[in-house]
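Colleague: To be precise about what I am sending: the file is called protein_34.pdb and holds PDB, C-alpha atoms.
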```
ATOM      1  CA  PRO A  21      25.905  24.687  62.545
ATOM      2  CA  PHE A  22      26.705  28.312  61.536
ATOM      3  CA  GLY A  23      29.507  29.018  64.014
ATOM      4  CA  ASN A  24      29.518  32.238  65.995
ATOM      5  CA  GLU A  25      29.275  34.762  63.174
ATOM      6  CA  PHE A  26      26.039  36.771  63.386
ATOM      7  CA  GLU A  27      24.813  39.976  61.759
ATOM      8  CA  GLY A  28      23.153  42.227  64.344
ATOM      9  CA  ILE A  29      20.216  44.314  63.143
ATOM     10  CA  GLU A  30      18.833  46.928  65.507
ATOM     11  CA  THR A  31      15.317  48.197  64.873
ATOM     12  CA  SER A  32      15.998  51.862  65.648
ATOM     13  CA  ASP A  33      16.333  52.733  61.940
ATOM     14  CA  THR A  34      12.768  53.771  61.091
ATOM     15  CA  SER A  35      13.559  54.132  57.369
ATOM     16  CA  ARG A  36      13.784  50.355  57.036
ATOM     17  CA  SER A  37      10.997  47.795  57.031
ATOM     18  CA  TYR A  38      11.522  44.702  59.192
ATOM     19  CA  TYR A  39       8.394  42.949  57.938
ATOM     20  CA  HIS A  40      10.041  40.417  55.625
ATOM     21  CA  LEU A  41      12.831  39.739  58.116
ATOM     22  CA  LEU A  42      10.300  38.997  60.839
ATOM     23  CA  ILE A  43       8.000  36.741  58.841
ATOM     24  CA  SER A  44      10.878  34.800  57.258
ATOM     25  CA  GLY A  45      12.619  34.225  60.596
ATOM     26  CA  VAL A  46       9.662  33.434  62.852
ATOM     27  CA  VAL A  47       8.706  30.197  61.095
ATOM     28  CA  PRO A  48       6.761  28.125  60.650
ATOM     29  CA  ARG A  49       3.983  30.389  61.849
ATOM     30  CA  PRO A  50       1.077  28.245  62.938
ATOM     31  CA  ILE A  51      -1.370  27.854  60.169
ATOM     32  CA  ALA A  52      -2.280  31.083  58.479
ATOM     33  CA  LEU A  53      -5.809  30.956  59.761
ATOM     34  CA  PHE A  54      -9.265  32.025  58.737
ATOM     35  CA  VAL A  55     -10.889  34.462  61.116
ATOM     36  CA  SER A  56     -14.590  34.839  60.464
ATOM     37  CA  SER A  57     -16.283  37.876  61.944
ATOM     38  CA  GLN A  58     -19.584  39.672  61.538
ATOM     39  CA  SER A  59     -20.568  43.318  61.853
ATOM     40  CA  LYS A  60     -23.576  44.531  63.833
ATOM     41  CA  GLY A  61     -25.301  44.946  60.493
ATOM     42  CA  GLY A  62     -24.764  41.272  59.663
ATOM     43  CA  VAL A  63     -21.963  41.682  57.103
ATOM     44  CA  VAL A  64     -19.676  38.650  57.300
ATOM     45  CA  ASN A  65     -15.923  38.868  56.789
ATOM     46  CA  LEU A  66     -13.451  36.032  56.282
ATOM     47  CA  ALA A  67      -9.692  36.607  56.219
ATOM     48  CA  PRO A  68      -6.455  34.665  56.840
ATOM     49  CA  PHE A  69      -3.951  35.795  59.489
ATOM     50  CA  SER A  70      -0.545  34.354  60.305
ATOM     51  CA  TYR A  71       0.251  36.579  63.311
ATOM     52  CA  PHE A  72      -1.518  34.053  65.488
ATOM     53  CA  GLY A  73      -0.878  31.693  68.344
ATOM     54  CA  ALA A  74      -2.285  29.856  71.346
ATOM     55  CA  ILE A  75      -1.092  31.635  74.487
ATOM     56  CA  ALA A  76      -2.887  29.853  77.349
ATOM     57  CA  HIS A  77      -5.053  26.815  78.036
ATOM     58  CA  ASP A  78      -6.885  27.702  81.290
ATOM     59  CA  PRO A  79      -9.014  29.190  79.922
ATOM     60  CA  PRO A  80      -8.122  28.363  76.305
ATOM     61  CA  THR A  81      -6.864  31.672  74.921
ATOM     62  CA  ILE A  82      -5.486  32.750  71.557
ATOM     63  CA  SER A  83      -3.793  35.885  70.229
ATOM     64  CA  ILE A  84      -4.185  37.483  66.793
ATOM     65  CA  GLY A  85      -2.161  40.400  65.457
ATOM     66  CA  VAL A  86      -4.181  42.525  63.037
ATOM     67  CA  CYS A  87      -2.087  45.021  61.071
ATOM     68  CA  ASN A  88      -3.719  48.121  59.632
ATOM     69  CA  LYS A  89      -4.217  48.598  55.904
ATOM     70  CA  ARG A  90      -2.321  51.223  53.963
ATOM     71  CA  GLY A  91      -3.017  54.672  55.306
ATOM     72  CA  GLY A  92      -3.636  53.403  58.829
ATOM     73  CA  VAL A  93      -7.115  52.069  58.041
ATOM     74  CA  LYS A  94      -8.370  49.249  60.286
ATOM     75  CA  LYS A  95      -9.060  45.917  58.616
ATOM     76  CA  ASP A  96     -12.648  44.685  58.429
ATOM     77  CA  THR A  97     -11.881  41.837  60.819
ATOM     78  CA  LEU A  98     -10.740  44.223  63.534
ATOM     79  CA  ARG A  99     -13.701  46.540  62.982
ATOM     80  CA  ASN A 100     -16.073  43.625  63.438
ATOM     81  CA  MET A 101     -14.252  42.349  66.526
ATOM     82  CA  GLU A 102     -14.476  45.787  68.117
ATOM     83  CA  GLU A 103     -18.172  46.126  67.236
ATOM     84  CA  THR A 104     -19.356  42.730  68.448
ATOM     85  CA  GLY A 105     -16.570  41.224  70.582
ATOM     86  CA  GLU A 106     -16.895  37.909  68.744
ATOM     87  CA  PHE A 107     -15.036  35.913  66.100
ATOM     88  CA  VAL A 108     -14.338  32.351  64.934
ATOM     89  CA  VAL A 109     -10.947  30.854  64.117
ATOM     90  CA  ASN A 110     -10.996  28.182  61.400
ATOM     91  CA  ILE A 111      -7.714  26.336  60.893
ATOM     92  CA  ILE A 112      -6.574  25.907  57.296
ATOM     93  CA  SER A 113      -5.786  22.456  55.924
ATOM     94  CA  GLU A 114      -4.074  21.535  52.679
ATOM     95  CA  TRP A 115      -7.247  20.929  50.680
ATOM     96  CA  MET A 116      -8.539  24.492  51.181
ATOM     97  CA  VAL A 117      -5.374  26.575  50.816
ATOM     98  CA  ASP A 118      -6.355  28.146  47.486
ATOM     99  CA  SER A 119      -9.645  29.381  48.924
ATOM    100  CA  ALA A 120      -7.827  30.658  51.994
ATOM    101  CA  ASN A 121      -5.364  32.596  49.893
ATOM    102  CA  HIS A 122      -8.181  34.125  47.837
ATOM    103  CA  CYS A 123      -9.643  35.609  51.030
ATOM    104  CA  SER A 124      -6.449  37.604  51.601
ATOM    105  CA  GLY A 125      -7.474  40.144  48.968
ATOM    106  CA  GLU A 126      -8.425  43.624  50.190
ATOM    107  CA  PHE A 127     -12.066  43.396  49.139
ATOM    108  CA  PRO A 128     -14.621  46.112  49.940
ATOM    109  CA  PHE A 129     -16.219  45.906  53.394
ATOM    110  CA  GLU A 130     -19.608  44.854  51.997
ATOM    111  CA  GLU A 131     -18.171  41.865  50.074
ATOM    112  CA  ASP A 132     -18.750  38.408  51.570
ATOM    113  CA  GLU A 133     -15.537  36.380  51.271
ATOM    114  CA  PHE A 134     -17.469  33.145  51.793
ATOM    115  CA  ILE A 135     -19.189  33.751  48.470
ATOM    116  CA  LEU A 136     -16.035  34.968  46.704
ATOM    117  CA  SER A 137     -13.994  31.941  47.817
ATOM    118  CA  GLY A 138     -16.709  29.317  47.413
ATOM    119  CA  LEU A 139     -16.494  28.263  51.060
ATOM    120  CA  THR A 140     -19.488  27.105  53.075
ATOM    121  CA  LYS A 141     -20.968  28.768  56.150
ATOM    122  CA  LEU A 142     -21.826  26.691  59.214
ATOM    123  CA  PRO A 143     -23.817  28.237  62.083
ATOM    124  CA  SER A 144     -21.905  28.755  65.307
ATOM    125  CA  ASP A 145     -23.478  27.815  68.638
ATOM    126  CA  LEU A 146     -22.338  30.572  70.994
ATOM    127  CA  VAL A 147     -21.330  33.495  68.745
ATOM    128  CA  ALA A 148     -22.858  35.177  65.697
ATOM    129  CA  PRO A 149     -20.060  34.786  63.100
ATOM    130  CA  PRO A 150     -20.346  31.547  61.105
ATOM    131  CA  ARG A 151     -17.782  28.760  60.927
ATOM    132  CA  VAL A 152     -16.135  27.395  57.774
ATOM    133  CA  MET A 153     -17.440  23.899  56.963
ATOM    134  CA  GLU A 154     -14.359  22.968  54.924
ATOM    135  CA  SER A 155     -12.085  23.540  57.937
ATOM    136  CA  ALA A 156     -11.462  20.596  60.281
ATOM    137  CA  PHE A 157     -10.940  22.643  63.467
ATOM    138  CA  HIS A 158     -12.938  25.674  64.621
ATOM    139  CA  MET A 159     -12.822  27.860  67.734
ATOM    140  CA  GLU A 160     -15.699  30.142  68.704
ATOM    141  CA  CYS A 161     -14.168  33.073  70.589
ATOM    142  CA  LYS A 162     -14.978  36.232  72.507
ATOM    143  CA  VAL A 163     -12.612  39.208  72.706
ATOM    144  CA  THR A 164     -11.179  39.622  76.196
ATOM    145  CA  ALA A 165      -8.474  42.246  75.598
ATOM    146  CA  GLN A 166      -6.865  44.456  72.946
ATOM    147  CA  HIS A 167      -3.435  46.047  72.867
ATOM    148  CA  GLU A 168      -2.544  48.763  70.376
ATOM    149  CA  ILE A 169       0.840  48.597  68.640
ATOM    150  CA  ARG A 170       2.420  51.927  67.671
ATOM    151  CA  ASN A 171       5.594  52.607  65.710
ATOM    152  CA  LYS A 172       8.362  54.944  66.787
ATOM    153  CA  SER A 173       6.461  57.876  65.272
ATOM    154  CA  GLY A 174       3.467  57.119  67.474
ATOM    155  CA  GLU A 175       1.302  55.888  64.605
ATOM    156  CA  LEU A 176      -1.094  53.023  65.295
ATOM    157  CA  THR A 177       0.056  50.185  63.012
ATOM    158  CA  ALA A 178      -1.526  47.065  64.478
ATOM    159  CA  THR A 179      -3.726  45.699  67.240
ATOM    160  CA  ASN A 180      -3.124  42.533  69.252
ATOM    161  CA  VAL A 181      -6.480  40.907  69.975
ATOM    162  CA  ILE A 182      -6.769  38.372  72.794
ATOM    163  CA  GLY A 183      -9.669  35.954  72.587
ATOM    164  CA  GLU A 184     -11.039  33.281  74.916
ATOM    165  CA  VAL A 185     -12.199  30.094  73.213
ATOM    166  CA  LEU A 186     -15.805  29.439  74.179
ATOM    167  CA  LYS A 187     -16.281  26.274  72.123
ATOM    168  CA  PHE A 188     -14.158  23.985  69.980
ATOM    169  CA  HIS A 189     -15.465  22.088  66.943
ATOM    170  CA  VAL A 190     -13.316  19.190  65.729
ATOM    171  CA  ALA A 191     -13.969  16.924  62.734
ATOM    172  CA  LYS A 192     -14.949  13.613  64.326
ATOM    173  CA  PRO A 193     -12.380  11.440  62.485
ATOM    174  CA  LEU A 194      -9.573  13.605  63.912
ATOM    175  CA  LEU A 195     -10.667  13.713  67.533
ATOM    176  CA  VAL A 196      -9.067  11.573  70.238
ATOM    177  CA  THR A 197     -10.905  11.578  73.579
ATOM    178  CA  SER A 198      -8.818   9.152  75.659
ATOM    179  CA  PRO A 199      -6.506   9.228  77.517
ATOM    180  CA  ARG A 200      -6.192  12.907  76.488
ATOM    181  CA  LEU A 201      -8.483  15.139  74.493
ATOM    182  CA  LYS A 202      -6.552  16.063  71.337
ATOM    183  CA  VAL A 203      -6.414  16.242  67.541
ATOM    184  CA  ASP A 204      -4.590  13.321  65.888
ATOM    185  CA  PHE A 205      -2.304  14.626  63.119
ATOM    186  CA  ASP A 206      -2.020  11.163  61.588
ATOM    187  CA  ARG A 207      -5.711  10.979  60.721
ATOM    188  CA  GLY A 208      -5.586  13.476  57.853
ATOM    189  CA  PHE A 209      -5.595  16.912  59.507
ATOM    190  CA  ARG A 210      -2.879  18.207  57.120
ATOM    191  CA  PRO A 211      -2.651  21.738  58.572
ATOM    192  CA  MET A 212      -0.856  24.482  56.669
ATOM    193  CA  GLY A 213       1.719  26.982  57.906
ATOM    194  CA  ARG A 214       3.362  30.114  56.566
ATOM    195  CA  LEU A 215       7.010  30.869  55.935
ATOM    196  CA  GLY A 216       8.321  34.148  54.495
ATOM    197  CA  GLY A 217       6.731  36.090  51.642
ATOM    198  CA  ASP A 218       4.221  34.030  49.654
ATOM    199  CA  THR A 219       5.655  30.689  50.822
ATOM    200  CA  TRP A 220       3.434  28.182  52.594
ATOM    201  CA  VAL A 221       4.463  24.895  54.205
ATOM    202  CA  LYS A 222       2.712  21.527  54.426
ATOM    203  CA  GLN A 223       2.842  19.180  57.376
ATOM    204  CA  GLY A 224       5.929  17.030  56.946
ATOM    205  CA  ASP A 225       7.500  14.259  58.998
ATOM    206  CA  THR A 226       6.719  14.307  62.716
ATOM    207  CA  PHE A 227       8.396  12.622  65.671
ATOM    208  CA  ASP A 228       7.929  12.389  69.431
ATOM    209  CA  LEU A 229      10.580  13.677  71.821
ATOM    210  CA  LEU A 230       9.987  13.121  75.522
ATOM    211  CA  ARG A 231      10.760  15.884  77.994
ATOM    212  CA  PRO A 232      13.475  15.260  80.581
ATOM    213  CA  ASN A 233      12.210  13.601  83.752
ATOM    214  CA  VAL A 234      13.771  15.799  86.425
ATOM    215  CA  GLY A 235      13.443  14.643  90.023
TER     216      GLY A 235
END
```
Starting from the file, give its structure as structure tokens.

Modeller:
Amino acid sequence: PFGNEFEGIETSDTSRSYYHLLISGVVPRPIALFVSSQSKGGVVNLAPFSYFGAIAHDPPTISIGVCNKRGGVKKDTLRNMEETGEFVVNIISEWMVDSANHCSGEFPFEEDEFILSGLTKLPSDLVAPPRVMESAFHMECKVTAQHEIRNKSGELTATNVIGEVLKFHVAKPLLVTSPRLKVDFDRGFRPMGRLGGDTWVKQGDTFDLLRPNVG
């Protein structure tokens, strides 16, 4: 639809930031999610991340990109993951987006974002960090790998955390068990996604498109 005219942008210019270009072009990013984690001392952290995706299903595996704070300081979520090797992913739906956004503030380490956002803790079964009751889809996870991301100056700027899903929790009205185990979007899941900047996106119209039957 745009013809063959493109603007090429190489990333070798370290004086420029490519953050807004990346997050506005890689869209919609799947559901800026809640990651709940807990330190060895029992301090609970809850924060949304949009550098996130499912990367495998056998075993179920997800990836989360955790960027450092200003000054190269690790975020609380990453500190907790490294301490305990556990975390919970809680998918955000439309009815809880304001609470989710509130948790994106850079609060002190000792602050409990569950209390600040008014969200409700649910005990997990296999890991220590709690789940978010208001979320319709939870994944209890263990860390299986980490990969450090460094910029062209050699500074550590982010960490890619790989986690294996140990247990799913799905709101019963959304769960389909036959013929395939899945979440039914048409039953009120209403998941949220992120576009560029401060822009979020709601679930819109959906349609099925069958894959080609080759051979």

Colleague: What would the selection look like, as a list in words, if the PyMOL selection byres ((chain A and resi 190) around 6) were run on the coordinates I just shared?

Modeller: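 On this input, the PyMOL selection byres ((chain A and resi 190) around 6) captures Ala156, Phe157, His189, Ala191 and Lys192 of chain A.
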
Colleague: Pull C-alpha atoms from the residues just selected and write them as a JSON list (two decimals), in the frame of the given file.

Modeller:
```json
[["chain", "number", "residue", "atom", "x", "y", "z"],
["A", 156, "ALA", "CA", -11.46, 20.60, 60.28],
["A", 157, "PHE", "CA", -10.94, 22.64, 63.47],
["A", 189, "HIS", "CA", -15.46, 22.09, 66.94],
["A", 191, "ALA", "CA", -13.97, 16.92, 62.73],
["A", 192, "LYS", "CA", -14.95, 13.61, 64.33]]
```

Colleague: Output the residue selection produced by the PyMOL selection byres ((chain A and resi 144-154) around 6) on the file above, formatted as a ChimeraX atom specification.

Modeller: /A:57-58,107,140-143,155

Colleague: Running the PyMOL selection byres ((chain A and resi 98) around 9) on this model by hand, what would come out? Give it as an mmCIF file with C-alpha atoms, in the frame of the given file.

Modeller:
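Generated output (expr_8.cif):
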```cif
data_model
loop_
_atom_site.group_PDB
_atom_site.id
_atom_site.type_symbol
_atom_site.label_atom_id
_atom_site.label_comp_id
_atom_site.auth_asym_id
_atom_site.auth_seq_id
_atom_site.Cartn_x
_atom_site.Cartn_y
_atom_site.Cartn_z
ATOM 1 C CA SER A 57 -16.283 37.876 61.944
ATOM 2 C CA VAL A 86 -4.181 42.525 63.037
ATOM 3 C CA ASN A 88 -3.719 48.121 59.632
ATOM 4 C CA LYS A 94 -8.370 49.249 60.286
ATOM 5 C CA LYS A 95 -9.060 45.917 58.616
ATOM 6 C CA ASP A 96 -12.648 44.685 58.429
ATOM 7 C CA THR A 97 -11.881 41.837 60.819
ATOM 8 C CA ARG A 99 -13.701 46.540 62.982
ATOM 9 C CA ASN A 100 -16.073 43.625 63.438
ATOM 10 C CA MET A 101 -14.252 42.349 66.526
ATOM 11 C CA GLU A 102 -14.476 45.787 68.117
ATOM 12 C CA GLU A 103 -18.172 46.126 67.236
ATOM 13 C CA THR A 179 -3.726 45.699 67.240
ATOM 14 C CA VAL A 181 -6.480 40.907 69.975
#
```

Colleague: I'd like to know which of A:Leu229, A:Ile111, A:Leu201, A:Ile182 is closest to Ala76 (chain A), using only C-alpha atoms.

Modeller: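 Among the listed residues, A:Ile182 lies closest to Ala76 (chain A).
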
Colleague: Choose the residue, out of A:Leu136, A:Ala67, A:Val117, A:Cys87, that has the smallest atom-to-atom separation from Lys222 (chain A); count all atoms listed in the file.

Modeller: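 Of the candidates, the smallest distance to Lys222 (chain A) is held by A:Val117.
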
Colleague: Which one of A:Asp206, A:Val46, A:Asp78, A:Val93 sits closest to Thr226 (chain A) if you count all atoms listed in the file?

Modeller: A:Asp206

Colleague: Kindly indicate which residue among A:Asn180, A:Asn24, A:Ser70, A:Asn110 lies nearest to Ile43 (chain A), using all atoms listed in the file for the distances.

Modeller: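 Closest to Ile43 (chain A), using all atoms listed in the file: A:Ser70.
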
Colleague: So that I can see what lies close to Ser32 (chain A), please list as a PDB file with C-alpha atoms, in the frame of the given file the residues with an atom at most 12 Å from it, counting only C-alpha atoms and leaving out residues fewer than 4 positions away in the same chain.

Modeller:
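Saved file result.pdb follows:
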```
ATOM      1  CA  ARG A  36      13.784  50.355  57.036  1.00  0.00           C
ATOM      2  CA  SER A  37      10.997  47.795  57.031  1.00  0.00           C
ATOM      3  CA  TYR A  38      11.522  44.702  59.192  1.00  0.00           C
ATOM      4  CA  ASN A 171       5.594  52.607  65.710  1.00  0.00           C
ATOM      5  CA  LYS A 172       8.362  54.944  66.787  1.00  0.00           C
ATOM      6  CA  SER A 173       6.461  57.876  65.272  1.00  0.00           C
TER       7      SER A 173
END
```

Colleague: Using all atoms listed in the file, which residues sit within 9 Å of Gly73 (chain A) once same-chain residues fewer than 5 positions away are excluded, as number ranges by chain?

Modeller: A: 49-50, 81-84

Colleague: Quick one: distance from CA of Val108 (chain A) to CA of Arg214 (chain A) in Å, one decimal?

Modeller: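 These two atoms are separated by 19.7 Å.
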
Colleague: Pick out the closest residue to Ile169 (chain A) from this set: A:Gln223, A:Pro232, A:Val185, A:Gly92. Count all atoms listed in the file.

Modeller: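 Ranking A:Gln223, A:Pro232, A:Val185, A:Gly92 by distance to Ile169 (chain A), first place goes to A:Gly92.
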
Colleague: Kindly write region 98-197 of chain A with C-alpha atoms to a file, as a PDB file, in the first residue's frame.

Modeller:
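New file result_23.pdb:
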```pdb
ATOM      1  CA  LEU A  98      14.851  -8.672  37.812  1.00  0.00           C
ATOM      2  CA  ARG A  99      16.482  -8.587  41.243  1.00  0.00           C
ATOM      3  CA  ASN A 100      13.764 -10.847  42.596  1.00  0.00           C
ATOM      4  CA  MET A 101      13.963 -13.222  39.630  1.00  0.00           C
ATOM      5  CA  GLU A 102      17.712 -13.563  40.115  1.00  0.00           C
ATOM      6  CA  GLU A 103      17.333 -14.122  43.869  1.00  0.00           C
ATOM      7  CA  THR A 104      14.579 -16.731  43.777  1.00  0.00           C
ATOM      8  CA  GLY A 105      14.288 -17.984  40.182  1.00  0.00           C
ATOM      9  CA  GLU A 106      10.505 -17.604  40.308  1.00  0.00           C
ATOM     10  CA  PHE A 107       7.824 -15.253  38.999  1.00  0.00           C
ATOM     11  CA  VAL A 108       4.171 -15.137  37.913  1.00  0.00           C
ATOM     12  CA  VAL A 109       2.801 -13.607  34.721  1.00  0.00           C
ATOM     13  CA  ASN A 110      -0.709 -12.152  35.028  1.00  0.00           C
ATOM     14  CA  ILE A 111      -2.289 -11.046  31.756  1.00  0.00           C
ATOM     15  CA  ILE A 112      -3.971  -7.641  31.777  1.00  0.00           C
ATOM     16  CA  SER A 113      -7.594  -7.276  30.701  1.00  0.00           C
ATOM     17  CA  GLU A 114      -9.537  -4.114  29.969  1.00  0.00           C
ATOM     18  CA  TRP A 115     -11.166  -3.814  33.388  1.00  0.00           C
ATOM     19  CA  MET A 116      -7.826  -3.586  35.234  1.00  0.00           C
ATOM     20  CA  VAL A 117      -5.761  -1.369  32.931  1.00  0.00           C
ATOM     21  CA  ASP A 118      -5.706   1.636  35.274  1.00  0.00           C
ATOM     22  CA  SER A 119      -4.324  -0.476  38.111  1.00  0.00           C
ATOM     23  CA  ALA A 120      -1.791  -2.005  35.744  1.00  0.00           C
ATOM     24  CA  ASN A 121      -0.599   1.392  34.613  1.00  0.00           C
ATOM     25  CA  HIS A 122      -0.259   2.573  38.217  1.00  0.00           C
ATOM     26  CA  CYS A 123       2.203  -0.264  38.867  1.00  0.00           C
ATOM     27  CA  SER A 124       4.554   1.129  36.213  1.00  0.00           C
ATOM     28  CA  GLY A 125       5.765   3.830  38.594  1.00  0.00           C
ATOM     29  CA  GLU A 126       9.340   3.541  39.875  1.00  0.00           C
ATOM     30  CA  PHE A 127       8.381   2.965  43.503  1.00  0.00           C
ATOM     31  CA  PRO A 128      10.941   2.170  46.215  1.00  0.00           C
ATOM     32  CA  PHE A 129      11.943  -1.496  46.514  1.00  0.00           C
ATOM     33  CA  GLU A 130      10.118  -1.944  49.832  1.00  0.00           C
ATOM     34  CA  GLU A 131       6.766  -0.702  48.446  1.00  0.00           C
ATOM     35  CA  ASP A 132       4.123  -3.342  47.693  1.00  0.00           C
ATOM     36  CA  GLU A 133       2.450  -2.502  44.373  1.00  0.00           C
ATOM     37  CA  PHE A 134      -0.495  -4.753  45.228  1.00  0.00           C
ATOM     38  CA  ILE A 135      -1.391  -2.354  48.023  1.00  0.00           C
ATOM     39  CA  LEU A 136      -0.664   0.786  45.984  1.00  0.00           C
ATOM     40  CA  SER A 137      -2.816  -0.370  43.051  1.00  0.00           C
ATOM     41  CA  GLY A 138      -5.633  -1.926  45.066  1.00  0.00           C
ATOM     42  CA  LEU A 139      -5.164  -5.332  43.442  1.00  0.00           C
ATOM     43  CA  THR A 140      -5.725  -8.607  45.268  1.00  0.00           C
ATOM     44  CA  LYS A 141      -3.146 -11.291  46.014  1.00  0.00           C
ATOM     45  CA  LEU A 142      -3.942 -14.942  45.327  1.00  0.00           C
ATOM     46  CA  PRO A 143      -1.598 -17.684  46.581  1.00  0.00           C
ATOM     47  CA  SER A 144       0.308 -19.558  43.902  1.00  0.00           C
ATOM     48  CA  ASP A 145       0.591 -23.346  44.048  1.00  0.00           C
ATOM     49  CA  LEU A 146       4.140 -24.039  42.876  1.00  0.00           C
ATOM     50  CA  VAL A 147       6.042 -20.758  43.356  1.00  0.00           C
ATOM     51  CA  ALA A 148       6.258 -18.171  46.135  1.00  0.00           C
ATOM     52  CA  PRO A 149       5.154 -14.976  44.319  1.00  0.00           C
ATOM     53  CA  PRO A 150       1.384 -14.420  44.480  1.00  0.00           C
ATOM     54  CA  ARG A 151      -1.000 -14.182  41.541  1.00  0.00           C
ATOM     55  CA  VAL A 152      -3.320 -11.268  40.736  1.00  0.00           C
ATOM     56  CA  MET A 153      -6.963 -12.212  41.387  1.00  0.00           C
ATOM     57  CA  GLU A 154      -8.318  -9.564  39.007  1.00  0.00           C
ATOM     58  CA  SER A 155      -6.410 -11.097  36.077  1.00  0.00           C
ATOM     59  CA  ALA A 156      -8.141 -13.836  34.065  1.00  0.00           C
ATOM     60  CA  PHE A 157      -4.979 -15.717  33.026  1.00  0.00           C
ATOM     61  CA  HIS A 158      -1.941 -16.499  35.187  1.00  0.00           C
ATOM     62  CA  MET A 159       1.283 -18.428  34.576  1.00  0.00           C
ATOM     63  CA  GLU A 160       3.481 -19.635  37.428  1.00  0.00           C
ATOM     64  CA  CYS A 161       7.044 -19.715  36.091  1.00  0.00           C
ATOM     65  CA  LYS A 162      10.609 -20.654  36.943  1.00  0.00           C
ATOM     66  CA  VAL A 163      13.636 -18.942  35.396  1.00  0.00           C
ATOM     67  CA  THR A 164      15.505 -21.264  33.046  1.00  0.00           C
ATOM     68  CA  ALA A 165      17.933 -18.847  31.365  1.00  0.00           C
ATOM     69  CA  GLN A 166      19.081 -15.217  31.260  1.00  0.00           C
ATOM     70  CA  HIS A 167      20.831 -13.304  28.507  1.00  0.00           C
ATOM     71  CA  GLU A 168      22.438  -9.925  29.125  1.00  0.00           C
ATOM     72  CA  ILE A 169      21.931  -7.172  26.545  1.00  0.00           C
ATOM     73  CA  ARG A 170      24.756  -4.640  26.181  1.00  0.00           C
ATOM     74  CA  ASN A 171      24.917  -1.500  24.062  1.00  0.00           C
ATOM     75  CA  LYS A 172      27.737  -0.597  21.714  1.00  0.00           C
ATOM     76  CA  SER A 173      29.659   0.929  24.627  1.00  0.00           C
ATOM     77  CA  GLY A 174      29.537  -2.376  26.485  1.00  0.00           C
ATOM     78  CA  GLU A 175      27.092  -1.139  29.116  1.00  0.00           C
ATOM     79  CA  LEU A 176      24.508  -3.594  30.427  1.00  0.00           C
ATOM     80  CA  THR A 177      21.128  -2.103  29.456  1.00  0.00           C
ATOM     81  CA  ALA A 178      18.688  -4.996  29.711  1.00  0.00           C
ATOM     82  CA  THR A 179      18.301  -8.675  30.518  1.00  0.00           C
ATOM     83  CA  ASN A 180      16.236 -11.208  28.581  1.00  0.00           C
ATOM     84  CA  VAL A 181      14.710 -13.660  31.049  1.00  0.00           C
ATOM     85  CA  ILE A 182      13.453 -17.029  29.815  1.00  0.00           C
ATOM     86  CA  GLY A 183      10.884 -18.760  31.983  1.00  0.00           C
ATOM     87  CA  GLU A 184       9.208 -22.169  31.867  1.00  0.00           C
ATOM     88  CA  VAL A 185       5.516 -22.187  32.745  1.00  0.00           C
ATOM     89  CA  LEU A 186       4.952 -24.628  35.589  1.00  0.00           C
ATOM     90  CA  LYS A 187       1.207 -24.069  35.960  1.00  0.00           C
ATOM     91  CA  PHE A 188      -1.524 -22.144  34.178  1.00  0.00           C
ATOM     92  CA  HIS A 189      -4.564 -20.648  35.923  1.00  0.00           C
ATOM     93  CA  VAL A 190      -7.490 -19.712  33.675  1.00  0.00           C
ATOM     94  CA  ALA A 191     -10.791 -18.118  34.721  1.00  0.00           C
ATOM     95  CA  LYS A 192     -13.301 -20.948  34.338  1.00  0.00           C
ATOM     96  CA  PRO A 193     -15.766 -19.074  32.075  1.00  0.00           C
ATOM     97  CA  LEU A 194     -12.964 -18.514  29.539  1.00  0.00           C
ATOM     98  CA  LEU A 195     -11.562 -22.027  29.393  1.00  0.00           C
ATOM     99  CA  VAL A 196     -12.325 -24.437  26.554  1.00  0.00           C
ATOM    100  CA  THR A 197     -11.196 -28.030  27.158  1.00  0.00           C
TER     101      THR A 197
END
```
